[in-house]
file upload_27.txt (compact mmCIF, C-alpha atoms and all ligand atoms)
# COMPACT_ATOMS: atom_id res chain seq x y z
CA MET A 1 22.04 5.56 14.24
CA LYS A 2 19.75 7.76 16.35
CA THR A 3 17.33 7.11 19.16
CA LEU A 4 14.29 9.00 20.37
CA ALA A 5 12.55 8.63 23.72
CA LYS A 6 8.93 7.60 23.15
CA LYS A 7 7.69 10.38 25.43
CA ASP A 8 9.24 12.92 23.00
CA LEU A 9 7.67 11.54 19.83
CA LYS A 10 4.49 13.61 19.83
CA GLY A 11 6.47 16.83 20.24
CA VAL A 12 8.74 15.86 17.33
CA VAL A 13 5.80 15.09 15.02
CA LYS A 14 4.13 18.32 16.13
CA ALA A 15 7.26 20.29 15.18
CA TRP A 16 7.33 18.59 11.75
CA ALA A 17 3.65 19.48 11.29
CA GLU A 18 4.56 23.17 11.43
CA LYS A 19 6.55 22.77 8.21
CA TYR A 20 4.93 19.80 6.47
CA HIS A 21 1.53 18.28 5.92
CA VAL A 22 1.95 15.33 8.28
CA LEU A 23 -0.25 12.26 7.89
CA ALA A 24 -0.07 10.08 10.97
CA PRO A 25 -2.08 7.40 12.77
CA SER A 26 -5.05 9.12 14.36
CA ARG A 27 -7.75 7.73 16.61
CA MET A 28 -11.27 8.61 15.48
CA ALA A 29 -14.15 9.38 17.83
CA LYS A 30 -15.59 5.87 17.38
CA GLY A 31 -12.26 4.20 18.19
CA ASP A 32 -10.97 3.33 14.70
CA CYS A 33 -7.43 4.33 13.87
CA ILE A 34 -6.77 5.77 10.43
CA PHE A 35 -4.05 7.88 8.81
CA ASP A 36 -5.11 11.49 8.87
CA THR A 37 -3.69 15.01 9.13
CA PHE A 38 -1.70 15.14 12.39
CA GLN A 39 -3.56 16.52 15.36
CA GLU A 40 -2.06 16.38 18.79
CA GLU A 41 -5.19 15.13 20.51
CA SER A 42 -5.93 12.23 18.13
CA PHE A 43 -2.34 11.10 17.38
CA SER A 44 -1.97 7.48 18.44
CA LEU A 45 0.64 4.76 18.25
CA ASP A 46 -1.96 2.14 19.02
CA TYR A 47 -2.79 1.31 15.41
CA LYS A 48 -2.65 -1.87 13.40
CA LYS A 49 -3.22 -1.91 9.65
CA PRO A 50 -5.18 1.11 8.42
CA PRO A 51 -7.56 0.21 5.58
CA LEU A 52 -6.44 2.69 2.91
CA PHE A 53 -2.89 3.78 2.96
CA PRO A 54 -0.57 5.11 1.54
CA LYS A 55 -1.69 4.56 -2.07
CA ALA A 56 -4.59 6.94 -1.57
CA VAL A 57 -2.23 9.85 -0.83
CA PHE A 58 -0.61 9.67 -4.26
CA LEU A 59 -3.51 8.22 -6.23
CA PRO A 60 -6.61 9.65 -4.54
CA HIS A 61 -9.91 7.86 -5.01
CA THR A 62 -11.09 10.72 -7.24
CA GLU A 63 -8.84 13.40 -8.68
CA VAL A 64 -9.34 16.23 -11.17
CA VAL A 65 -6.52 16.17 -13.74
CA PHE A 66 -7.55 19.23 -15.72
CA GLU A 67 -10.33 21.75 -15.78
CA VAL A 68 -11.81 23.71 -18.66
CA LYS A 69 -12.91 27.30 -18.02
CA ASP A 70 -14.52 29.17 -20.92
CA ASN A 71 -13.05 26.63 -23.38
CA LYS A 72 -9.51 27.08 -21.98
CA LEU A 73 -7.73 24.09 -20.50
CA HIS A 74 -5.89 24.29 -17.16
CA GLU A 75 -3.88 21.35 -15.85
CA VAL A 76 -4.46 20.64 -12.16
CA ILE A 77 -1.50 19.19 -10.29
CA SER A 78 -1.88 19.36 -6.56
CA ALA A 79 1.03 18.41 -4.32
CA ARG A 80 2.53 19.64 -1.09
CA ASN A 81 5.44 18.72 1.14
CA THR A 82 4.13 15.77 3.07
CA ILE A 83 5.40 13.42 5.75
CA LEU A 84 3.80 10.00 5.97
CA PHE A 85 4.57 8.92 9.50
CA GLY A 86 4.33 5.28 10.55
CA ILE A 87 3.40 3.31 7.45
CA ARG A 88 3.93 -0.44 7.65
CA SER A 89 6.65 -2.28 5.76
CA CYS A 90 4.18 -4.09 3.47
CA ASP A 91 2.73 -0.72 2.49
CA MET A 92 6.22 0.59 1.77
CA MET A 93 6.76 -2.31 -0.63
CA GLY A 94 3.28 -1.76 -2.10
CA LEU A 95 4.17 1.87 -2.65
CA LEU A 96 7.33 0.89 -4.51
CA GLN A 97 5.26 -1.36 -6.75
CA SER A 98 2.63 1.32 -7.37
CA THR A 99 5.33 3.90 -8.10
CA SER A 100 7.04 1.57 -10.53
CA PHE A 101 3.76 1.00 -12.36
CA MET A 102 2.85 4.69 -12.46
CA THR A 103 6.25 5.82 -13.75
CA ARG A 104 7.62 2.83 -15.69
CA ASP A 105 6.55 3.47 -19.27
CA ARG A 106 5.28 7.02 -19.01
CA ASP A 107 5.62 9.26 -15.98
CA ASP A 108 2.20 9.87 -14.44
CA ILE A 109 2.91 13.43 -13.26
CA PHE A 110 -0.20 13.60 -11.08
CA TYR A 111 1.15 10.66 -9.06
CA SER A 112 4.89 11.33 -9.23
CA THR A 113 4.67 15.02 -8.28
CA LYS A 114 3.00 14.04 -5.01
CA LYS A 115 5.39 11.16 -4.45
CA GLU A 116 8.48 13.34 -5.01
CA ARG A 117 7.35 15.75 -2.30
CA ALA A 118 6.71 13.05 0.28
CA THR A 119 8.98 11.93 3.10
CA ILE A 120 8.18 8.39 4.16
CA ILE A 121 8.67 7.09 7.67
CA VAL A 122 8.13 3.38 8.21
CA MET A 123 7.24 1.83 11.55
CA ALA A 124 8.72 -1.67 11.51
CA CYS A 125 6.31 -4.36 12.71
CA PRO A 126 7.24 -6.18 15.91
CA GLY A 127 4.90 -9.03 14.89
CA PRO A 128 1.70 -9.68 12.91
CA GLN A 129 -0.84 -6.85 13.05
CA ASN A 130 -3.66 -9.38 12.77
CA GLU A 131 -4.21 -12.98 11.70
CA THR A 132 -4.12 -12.23 7.96
CA CYS A 133 -0.60 -10.72 7.77
CA PHE A 134 1.72 -12.78 5.56
CA CYS A 135 4.51 -10.34 4.65
CA THR A 136 7.20 -12.89 5.51
CA THR A 137 5.76 -15.10 2.73
CA THR A 138 5.98 -12.32 0.15
CA PHE A 139 9.32 -10.94 1.44
CA SER A 140 7.78 -7.53 2.11
CA GLY A 141 8.09 -7.32 5.88
CA PRO A 142 8.23 -7.10 8.84
CA VAL A 143 10.99 -4.59 8.04
CA ALA A 144 11.19 -2.51 4.85
CA LYS A 145 14.24 -3.14 2.72
CA LYS A 146 14.22 0.06 0.69
CA GLY A 147 12.23 3.13 -0.29
CA PHE A 148 11.90 4.72 3.16
CA ASP A 149 13.47 7.96 4.36
CA LEU A 150 13.42 6.87 8.00
CA MET A 151 12.47 3.63 9.70
CA PHE A 152 11.49 3.48 13.37
CA PHE A 153 11.99 0.40 15.53
CA ASP A 154 9.88 0.40 18.69
CA MET A 155 12.12 -0.78 21.54
CA GLY A 156 9.67 -0.11 24.39
CA ASN A 157 10.60 3.19 26.01
CA ASP A 158 12.39 4.49 22.93
CA PHE A 159 12.81 4.11 19.20
CA ILE A 160 15.93 3.25 17.26
CA ILE A 161 15.85 5.14 13.97
CA GLU A 162 17.46 3.93 10.76
CA THR A 163 18.10 6.54 8.07
CA GLY A 164 17.32 5.64 4.46
CA SER A 165 17.97 8.89 2.61
CA HIS A 166 19.45 12.35 2.82
CA ARG A 167 15.96 13.73 3.30
CA GLY A 168 15.51 11.47 6.31
CA LYS A 169 18.85 12.56 7.73
CA GLU A 170 17.78 16.20 7.45
CA LEU A 171 14.68 15.48 9.53
CA LEU A 172 16.88 14.16 12.33
CA SER A 173 19.23 17.15 12.25
CA SER A 174 17.33 18.97 14.99
CA GLY A 175 15.22 17.75 17.87
CA PRO A 176 15.64 15.52 20.92
CA PHE A 177 17.44 12.73 19.02
CA THR A 178 20.52 11.12 20.49
CA ASP A 179 23.33 9.21 18.81
CA MET A 180 23.58 5.49 19.32
CA ASP A 181 26.53 3.24 18.61
CA ASN A 182 25.80 1.63 15.21
CA LYS A 183 27.00 -1.81 16.28
CA LEU A 184 24.76 -1.90 19.36
CA ALA A 185 21.79 -0.50 17.37
CA GLY A 186 22.38 -3.12 14.64
CA GLU A 187 22.33 -5.92 17.24
CA LYS A 188 19.08 -4.66 18.78
CA ILE A 189 17.47 -4.34 15.34
CA LYS A 190 18.61 -7.88 14.45
CA THR A 191 16.96 -9.26 17.61
CA PHE A 192 13.78 -7.24 16.85
CA LYS A 193 13.63 -8.59 13.29
CA GLU A 194 14.29 -12.20 14.27
CA LYS A 195 11.46 -12.14 16.81
CA ALA A 196 9.05 -10.53 14.32
CA ILE A 197 9.94 -13.05 11.61
CA ARG A 198 9.37 -15.92 14.05
CA ASP A 199 5.95 -14.50 15.00
CA ILE A 200 4.62 -13.89 11.46
CA PRO A 201 3.74 -17.25 9.95
CA VAL A 202 4.87 -18.23 6.44
CA VAL A 203 1.87 -19.42 4.42
CA ASP A 204 3.12 -22.37 2.37
CA GLU A 205 -0.14 -22.52 0.36
CA VAL A 206 0.76 -19.17 -1.24
CA TYR A 207 3.99 -20.65 -2.67
CA GLU A 208 2.18 -23.79 -3.77
CA ALA A 209 -0.58 -21.72 -5.42
CA MET A 210 2.08 -19.68 -7.25
CA ARG A 211 3.69 -22.88 -8.50
CA ARG A 212 0.36 -24.30 -9.71
CA LEU A 213 -0.57 -21.05 -11.46
CA LYS A 214 2.83 -21.01 -13.16
CA ASP A 215 2.36 -24.60 -14.32
CA GLY A 216 -1.19 -23.86 -15.51
CA ALA A 217 -2.34 -26.45 -12.96
CA ALA A 218 -4.88 -24.37 -11.00
CA ASP A 219 -8.29 -25.98 -11.39
CA GLN A 220 -10.91 -23.93 -13.26
CA LYS A 221 -13.39 -25.03 -10.57
CA VAL A 222 -11.64 -22.62 -8.15
CA TRP A 223 -12.55 -19.60 -10.28
CA GLU A 224 -16.08 -20.83 -10.89
CA HIS A 225 -16.57 -21.39 -7.15
CA PHE A 226 -15.39 -17.88 -6.26
CA GLY A 227 -17.11 -16.36 -9.31
CA ARG A 228 -20.48 -17.54 -7.93
CA LYS A 229 -19.73 -15.96 -4.52
CA CYS A 230 -18.30 -12.57 -5.60
CA ILE A 231 -20.75 -9.67 -5.20
CA VAL A 232 -18.62 -7.39 -7.44
CA CYS A 233 -18.13 -4.65 -4.85
CA GLY A 234 -14.53 -3.91 -5.92
CA GLY A 235 -13.42 -3.70 -2.28
CA CYS A 236 -10.47 -6.08 -2.73
CA ALA A 237 -8.94 -3.80 -5.38
CA PHE A 238 -9.65 -0.61 -3.45
CA VAL A 239 -7.84 -1.75 -0.28
CA CYS A 240 -4.94 -3.37 -2.15
CA PRO A 241 -1.69 -1.38 -1.97
CA THR A 242 -0.58 -2.72 -5.37
CA CYS A 243 -3.79 -2.05 -7.35
CA THR A 244 -3.52 1.14 -9.40
CA CYS A 245 -6.24 0.93 -12.08
CA PHE A 246 -8.38 3.98 -12.67
CA ASN A 247 -11.05 5.19 -15.04
CA VAL A 248 -11.17 8.65 -16.65
CA TYR A 249 -14.34 10.67 -17.17
CA ASP A 250 -15.42 14.17 -18.16
CA GLN A 251 -17.96 16.26 -16.26
CA GLU A 252 -19.43 19.31 -17.94
CA SER A 253 -20.76 21.95 -15.57
CA ALA A 254 -21.84 24.43 -18.30
CA PRO A 255 -21.08 24.77 -22.04
CA GLY A 256 -17.29 25.26 -22.36
CA ASN A 257 -16.72 24.50 -18.67
CA GLY A 258 -16.02 21.34 -16.75
CA VAL A 259 -13.39 18.94 -15.52
CA ARG A 260 -11.65 15.77 -16.54
CA ALA A 261 -11.22 13.51 -13.53
CA ARG A 262 -10.05 10.04 -12.75
CA ALA A 263 -11.33 7.60 -10.16
CA TRP A 264 -10.31 4.16 -8.95
CA ASP A 265 -11.55 1.28 -11.04
CA ALA A 266 -11.46 -2.46 -10.40
CA CYS A 267 -10.79 -5.40 -12.71
CA LEU A 268 -13.62 -7.24 -10.98
CA TYR A 269 -16.18 -4.97 -12.66
CA GLY A 270 -17.73 -6.26 -15.90
CA GLY A 271 -17.19 -2.91 -17.62
CA PHE A 272 -13.47 -2.87 -16.91
CA THR A 273 -12.52 -4.90 -19.97
CA ARG A 274 -15.67 -4.43 -22.05
CA GLU A 275 -14.74 -3.11 -25.50
CA ALA A 276 -16.62 -0.54 -27.57
CA SER A 277 -17.98 -3.34 -29.78
CA GLY A 278 -19.59 -4.93 -26.73
CA HIS A 279 -17.15 -7.84 -26.76
CA ASN A 280 -15.68 -8.60 -23.34
CA PRO A 281 -12.50 -10.71 -23.19
CA ARG A 282 -13.27 -11.40 -19.49
CA PRO A 283 -16.94 -12.25 -19.93
CA ASN A 284 -17.82 -13.57 -16.46
CA GLN A 285 -16.86 -13.15 -12.81
CA ALA A 286 -14.83 -16.38 -12.76
CA SER A 287 -12.54 -15.12 -15.54
CA ARG A 288 -12.23 -11.71 -13.88
CA LEU A 289 -11.24 -13.24 -10.53
CA LYS A 290 -8.74 -15.49 -12.30
CA ARG A 291 -7.17 -12.45 -13.92
CA ARG A 292 -6.98 -10.52 -10.64
CA HIS A 293 -5.33 -13.34 -8.73
CA GLU A 294 -2.93 -14.13 -11.55
CA HIS A 295 -1.84 -10.50 -11.35
CA LYS A 296 -1.11 -10.96 -7.66
CA LEU A 297 0.50 -14.40 -7.70
CA LEU A 298 1.72 -15.07 -11.22
CA TYR A 299 2.60 -12.09 -13.41
CA TYR A 300 5.18 -9.64 -12.18
CA ASN A 301 7.92 -7.39 -13.40
CA GLU A 302 11.12 -9.16 -12.49
CA SER A 303 13.12 -6.00 -11.90
CA ASP A 304 11.00 -4.13 -9.40
CA ILE A 305 8.95 -6.27 -7.11
CA GLN A 306 10.17 -7.65 -3.82
CA ASP A 307 12.91 -10.04 -4.87
CA SER A 308 10.94 -10.70 -8.06
CA LEU A 309 8.45 -12.76 -6.10
CA CYS A 310 4.93 -11.60 -6.82
CA GLY A 311 2.46 -8.72 -7.16
CA CYS A 312 1.12 -9.12 -3.63
CA VAL A 313 2.81 -7.67 -0.57
CA GLY A 314 1.06 -9.91 1.92
CA CYS A 315 -0.86 -7.19 3.75
CA GLY A 316 -3.92 -9.43 4.04
CA ARG A 317 -6.38 -6.57 3.51
CA CYS A 318 -8.31 -8.36 0.75
CA SER A 319 -8.91 -11.18 3.24
CA ASP A 320 -9.85 -8.64 5.94
CA TYR A 321 -12.36 -6.70 3.87
CA CYS A 322 -13.91 -8.95 1.19
CA PRO A 323 -17.45 -9.46 2.47
CA VAL A 324 -17.58 -13.00 1.05
CA HIS A 325 -14.02 -14.14 1.88
CA ILE A 326 -12.26 -14.11 -1.49
CA GLY A 327 -8.91 -12.74 -0.35
CA THR A 328 -5.54 -13.90 -1.64
CA LEU A 329 -5.15 -16.25 1.34
CA GLU A 330 -8.51 -17.93 0.72
CA VAL A 331 -7.84 -18.21 -3.02
CA ALA A 332 -4.36 -19.70 -2.50
CA ARG A 333 -5.76 -22.23 -0.02
CA GLU A 334 -8.57 -23.20 -2.42
CA ILE A 335 -6.13 -23.62 -5.33
CA VAL A 336 -4.05 -25.98 -3.20
CA LYS A 337 -7.11 -27.85 -1.88
CA GLU A 338 -8.40 -28.49 -5.40
S1 LIG A 401 -3.59 -8.96 -2.99
FE1 LIG A 401 -4.49 -8.75 -0.93
S2 LIG A 401 -2.86 -9.40 0.48
FE2 LIG A 401 -1.90 -8.99 -1.52
S3 LIG A 401 -1.22 -6.86 -1.41
FE3 LIG A 401 -3.28 -6.83 -2.32
S4 LIG A 401 -4.72 -6.55 -0.58
FE4 LIG A 401 -2.70 -7.14 0.26
S1 LIG A 402 -14.03 -7.75 -2.29
FE1 LIG A 402 -14.79 -9.86 -2.60
S2 LIG A 402 -16.93 -9.60 -3.25
FE2 LIG A 402 -15.94 -7.59 -3.51
S3 LIG A 402 -15.21 -7.62 -5.68
FE3 LIG A 402 -13.50 -8.37 -4.40
S4 LIG A 402 -13.74 -10.61 -4.44
FE4 LIG A 402 -15.70 -9.76 -5.13
call {"tool": "encode", "arguments": {"input": "upload_27.txt", "output": "structure tokens"}}
result
Amino acid sequence: MKTLAKKDLKGVVKAWAEKYHVLAPSRMAKGDCIFDTFQEESFSLDYKKPPLFPKAVFLPHTEVVFEVKDNKLHEVISARNTILFGIRSCDMMGLLQSTSFMTRDRDDIFYSTKKERATIIVMACPGPQNETCFCTTTFSGPVAKKGFDLMFFDMGNDFIIETGSHRGKELLSSGPFTDMDNKLAGEKIKTFKEKAIRDIPVVDEVYEAMRRLKDGAADQKVWEHFGRKCIVCGGCAFVCPTCTCFNVYDQESAPGNGVRARAWDACLYGGFTREASGHNPRPNQASRLKRRHEHKLLYYNESDIQDSLCGCVGCGRCSDYCPVHIGTLEVAREIVKE
């Protein structure tokens, strides 16, 4: 394995930014930390759980998929060589789920072209990033198991770097990296992981809620209770790393000219399942919330999600951002309480 002195990190990322579009944690003027195009002055390692990342890189909120100019159609596929530096392990697992969904039955070229040109560097979590993290419950953290090109472990004054792909190895082929004995590095990583796992609590209610949903034993009152509270903002879907639904629309700018675009959609919206006849198989907010949470805790594709467990990677963002507290944690706890 390799190591890198922390004092050298900024220089390394700066050198990568000369060849790649590097997205890295960046501190904004008002103090928030988000993932943004690398800039030396705003680059920061003092970040927790950025609200929208990395799904938005490959499936942007709004994206033109083709344009029509004078009645002639031109496909628009935009992608460039990108490095995503420092994503969290839960987001890595979320990205694997999103990629599986977007390529499983039919390759979504607008997504996969961007994904293929991305190098992904995970920053393993030394502990919970806030009180809603539950990646140890969903087996999606604190350390990524697969999918990454490089994974950094913060050891204080330096990083130990695990390589996950040939592309990752190439990135380490020049720069101030030093070799480290694999056995010693493995022992240090083991200690790091054990501490992180001890510090991130397992939420038993999530397992119990999964069991009740599987047995059809979740009380309908839970969905009615949350259905009355939900203000239908769609925020829970927009911040979720495993939500990938989008809507498609056409915009005409002049006769024979315009674009077809797609934009994020959310299953919490009434129009999401409304059919052309006007019939809606999910006719109220309670049924829509039930569907969303069953997708997170009940239905899953056995071959591609973290150890076949569930469709939620335990990032806790829905609990962080729902203005009326209808995150997965709150829903699981209510299912168990009822
Ligand atoms: S359902 Fe909530 S906790 Fe689970 S992955 Fe989505 S945003 Fe994160
Ligand atoms: S974030 Fe909360 S209020 Fe908004 S749609 Fe989701 S559950 Fe409803």
call {"tool": "axis_aligned_box", "arguments": {"input": "upload_27.txt", "around": "ligand LIG 402 (chain A)", "padding_each_side": "4 Å", "output": "AutoDock Vina command-line options"}}
result
--center_x -15.2 --center_y -9.1 --center_z -4.0 --size_x 11.4 --size_y 11.0 --size_z 11.4
call {"tool": "residues_near_ligand", "arguments": {"input": "upload_27.txt", "ligand": "ligand LIG 401 (chain A)", "cutoff": "10 Å", "atoms": "only C-alpha atoms and all ligand atoms", "output": "PDB file with C-alpha atoms, in the coordinates of the input"}}
result
ATOM      1  CA  PRO A  51      -7.560   0.210   5.580  1.00  0.00           C
ATOM      2  CA  CYS A  90       4.180  -4.090   3.470  1.00  0.00           C
ATOM      3  CA  ASP A  91       2.730  -0.720   2.490  1.00  0.00           C
ATOM      4  CA  MET A  93       6.760  -2.310  -0.630  1.00  0.00           C
ATOM      5  CA  GLY A  94       3.280  -1.760  -2.100  1.00  0.00           C
ATOM      6  CA  THR A 132      -4.120 -12.230   7.960  1.00  0.00           C
ATOM      7  CA  CYS A 133      -0.600 -10.720   7.770  1.00  0.00           C
ATOM      8  CA  PHE A 134       1.720 -12.780   5.560  1.00  0.00           C
ATOM      9  CA  CYS A 135       4.510 -10.340   4.650  1.00  0.00           C
ATOM     10  CA  THR A 138       5.980 -12.320   0.150  1.00  0.00           C
ATOM     11  CA  SER A 140       7.780  -7.530   2.110  1.00  0.00           C
ATOM     12  CA  GLY A 235     -13.420  -3.700  -2.280  1.00  0.00           C
ATOM     13  CA  CYS A 236     -10.470  -6.080  -2.730  1.00  0.00           C
ATOM     14  CA  ALA A 237      -8.940  -3.800  -5.380  1.00  0.00           C
ATOM     15  CA  PHE A 238      -9.650  -0.610  -3.450  1.00  0.00           C
ATOM     16  CA  VAL A 239      -7.840  -1.750  -0.280  1.00  0.00           C
ATOM     17  CA  CYS A 240      -4.940  -3.370  -2.150  1.00  0.00           C
ATOM     18  CA  PRO A 241      -1.690  -1.380  -1.970  1.00  0.00           C
ATOM     19  CA  THR A 242      -0.580  -2.720  -5.370  1.00  0.00           C
ATOM     20  CA  CYS A 243      -3.790  -2.050  -7.350  1.00  0.00           C
ATOM     21  CA  ARG A 292      -6.980 -10.520 -10.640  1.00  0.00           C
ATOM     22  CA  HIS A 293      -5.330 -13.340  -8.730  1.00  0.00           C
ATOM     23  CA  HIS A 295      -1.840 -10.500 -11.350  1.00  0.00           C
ATOM     24  CA  LYS A 296      -1.110 -10.960  -7.660  1.00  0.00           C
ATOM     25  CA  LEU A 297       0.500 -14.400  -7.700  1.00  0.00           C
ATOM     26  CA  CYS A 310       4.930 -11.600  -6.820  1.00  0.00           C
ATOM     27  CA  GLY A 311       2.460  -8.720  -7.160  1.00  0.00           C
ATOM     28  CA  CYS A 312       1.120  -9.120  -3.630  1.00  0.00           C
ATOM     29  CA  VAL A 313       2.810  -7.670  -0.570  1.00  0.00           C
ATOM     30  CA  GLY A 314       1.060  -9.910   1.920  1.00  0.00           C
ATOM     31  CA  CYS A 315      -0.860  -7.190   3.750  1.00  0.00           C
ATOM     32  CA  GLY A 316      -3.920  -9.430   4.040  1.00  0.00           C
ATOM     33  CA  ARG A 317      -6.380  -6.570   3.510  1.00  0.00           C
ATOM     34  CA  CYS A 318      -8.310  -8.360   0.750  1.00  0.00           C
ATOM     35  CA  SER A 319      -8.910 -11.180   3.240  1.00  0.00           C
ATOM     36  CA  ASP A 320      -9.850  -8.640   5.940  1.00  0.00           C
ATOM     37  CA  TYR A 321     -12.360  -6.700   3.870  1.00  0.00           C
ATOM     38  CA  CYS A 322     -13.910  -8.950   1.190  1.00  0.00           C
ATOM     39  CA  ILE A 326     -12.260 -14.110  -1.490  1.00  0.00           C
ATOM     40  CA  GLY A 327      -8.910 -12.740  -0.350  1.00  0.00           C
ATOM     41  CA  THR A 328      -5.540 -13.900  -1.640  1.00  0.00           C
ATOM     42  CA  LEU A 329      -5.150 -16.250   1.340  1.00  0.00           C
TER      43      LEU A 329
END
call {"tool": "residues_around", "arguments": {"input": "upload_27.txt", "residues": "Glu162 in chain A", "least_positions_apart": "6", "cutoff": "8 Å", "atoms": "only C-alpha atoms", "output": "list in words"}}
result
Met1, Lys2, Leu150, Met151 and Phe152 of chain A
call {"tool": "closest_residue", "arguments": {"input": "upload_27.txt", "among": "A:Asn280, A:Ser174, A:Gln285, A:Thr273", "to": "ligand LIG 402 (chain A)", "atoms": "all atoms listed in the file"}}
result
A:Gln285
call {"tool": "closest_residue", "arguments": {"input": "upload_27.txt", "among": "A:Leu84, A:Val336, A:Val122, A:Ala144", "to": "Glu208 in chain A", "atoms": "all atoms listed in the file"}}
result
A:Val336
call {"tool": "closest_residue", "arguments": {"input": "upload_27.txt", "among": "A:His279, A:Arg228, A:Lys145, A:Lys195", "to": "ligand LIG 402 (chain A)", "atoms": "all atoms listed in the file"}}
result
A:Arg228
call {"tool": "atom_distance", "arguments": {"input": "upload_27.txt", "atom1": "atom S3 of ligand LIG 402 (chain A)", "atom2": "CA of Ile231 in chain A"}}
result
5.9 Å
call {"tool": "residues_near_point", "arguments": {"input": "upload_27.txt", "point": "(2.6, 9.4, 3.0)", "cutoff": "6 Å", "atoms": "all atoms listed in the file", "output": "PyMOL selection string"}}
result
chain A and resi 54+83-84+120
call {"tool": "write_last_selection", "arguments": {"input": "upload_27.txt", "atoms": "C-alpha atoms", "output": "compact mmCIF listing (two decimals), in the coordinates of the input"}}
result
# COMPACT_ATOMS: atom_id res chain seq x y z
CA PRO A 54 -0.57 5.11 1.54
CA ILE A 83 5.40 13.42 5.75
CA LEU A 84 3.80 10.00 5.97
CA ILE A 120 8.18 8.39 4.16
call {"tool": "build_atoms", "arguments": {"input": "upload_27.txt", "residues": "range 20-33 of chain A", "atoms": "N, CA, C and O atoms", "output": "mmCIF file, in the frame of the given file"}}
result
data_model
loop_
_atom_site.group_PDB
_atom_site.id
_atom_site.type_symbol
_atom_site.label_atom_id
_atom_site.label_comp_id
_atom_site.auth_asym_id
_atom_site.auth_seq_id
_atom_site.Cartn_x
_atom_site.Cartn_y
_atom_site.Cartn_z
ATOM 1 N N TYR A 20 5.416 20.764 7.465
ATOM 2 C CA TYR A 20 4.930 19.800 6.470
ATOM 3 C C TYR A 20 3.471 19.470 6.728
ATOM 4 O O TYR A 20 2.977 19.642 7.848
ATOM 5 N N HIS A 21 2.823 18.910 5.690
ATOM 6 C CA HIS A 21 1.530 18.280 5.920
ATOM 7 C C HIS A 21 1.834 16.870 6.424
ATOM 8 O O HIS A 21 2.324 16.028 5.672
ATOM 9 N N VAL A 22 1.590 16.634 7.707
ATOM 10 C CA VAL A 22 1.950 15.330 8.280
ATOM 11 C C VAL A 22 0.700 14.451 8.357
ATOM 12 O O VAL A 22 -0.318 14.841 8.933
ATOM 13 N N LEU A 23 0.801 13.261 7.759
ATOM 14 C CA LEU A 23 -0.250 12.260 7.890
ATOM 15 C C LEU A 23 0.241 11.214 8.872
ATOM 16 O O LEU A 23 1.340 10.673 8.697
ATOM 17 N N ALA A 24 -0.529 10.968 9.896
ATOM 18 C CA ALA A 24 -0.070 10.080 10.970
ATOM 19 C C ALA A 24 -1.251 9.287 11.505
ATOM 20 O O ALA A 24 -2.402 9.677 11.309
ATOM 21 N N PRO A 25 -0.973 8.172 12.198
ATOM 22 C CA PRO A 25 -2.080 7.400 12.770
ATOM 23 C C PRO A 25 -2.885 8.253 13.751
ATOM 24 O O PRO A 25 -2.311 8.879 14.646
ATOM 25 N N SER A 26 -4.188 8.251 13.548
ATOM 26 C CA SER A 26 -5.050 9.120 14.360
ATOM 27 C C SER A 26 -6.257 8.305 14.814
ATOM 28 O O SER A 26 -6.864 7.582 14.019
ATOM 29 N N ARG A 27 -6.591 8.467 16.096
ATOM 30 C CA ARG A 27 -7.750 7.730 16.610
ATOM 31 C C ARG A 27 -9.007 8.550 16.407
ATOM 32 O O ARG A 27 -9.070 9.719 16.776
ATOM 33 N N MET A 28 -10.000 7.928 15.760
ATOM 34 C CA MET A 28 -11.270 8.610 15.480
ATOM 35 C C MET A 28 -12.194 8.515 16.702
ATOM 36 O O MET A 28 -11.963 7.698 17.596
ATOM 37 N N ALA A 29 -13.236 9.316 16.671
ATOM 38 C CA ALA A 29 -14.150 9.380 17.830
ATOM 39 C C ALA A 29 -14.733 8.004 18.149
ATOM 40 O O ALA A 29 -14.931 7.659 19.317
ATOM 41 N N LYS A 30 -14.986 7.180 17.107
ATOM 42 C CA LYS A 30 -15.590 5.870 17.380
ATOM 43 C C LYS A 30 -14.560 4.784 17.663
ATOM 44 O O LYS A 30 -14.888 3.605 17.731
ATOM 45 N N GLY A 31 -13.278 5.175 17.772
ATOM 46 C CA GLY A 31 -12.260 4.200 18.190
ATOM 47 C C GLY A 31 -11.382 3.686 17.066
ATOM 48 O O GLY A 31 -10.322 3.137 17.320
ATOM 49 N N ASP A 32 -11.811 3.813 15.796
ATOM 50 C CA ASP A 32 -10.970 3.330 14.700
ATOM 51 C C ASP A 32 -9.714 4.178 14.584
ATOM 52 O O ASP A 32 -9.737 5.371 14.892
ATOM 53 N N CYS A 33 -8.653 3.563 14.093
ATOM 54 C CA CYS A 33 -7.430 4.330 13.870
ATOM 55 C C CYS A 33 -7.170 4.402 12.371
ATOM 56 O O CYS A 33 -7.137 3.373 11.693
#
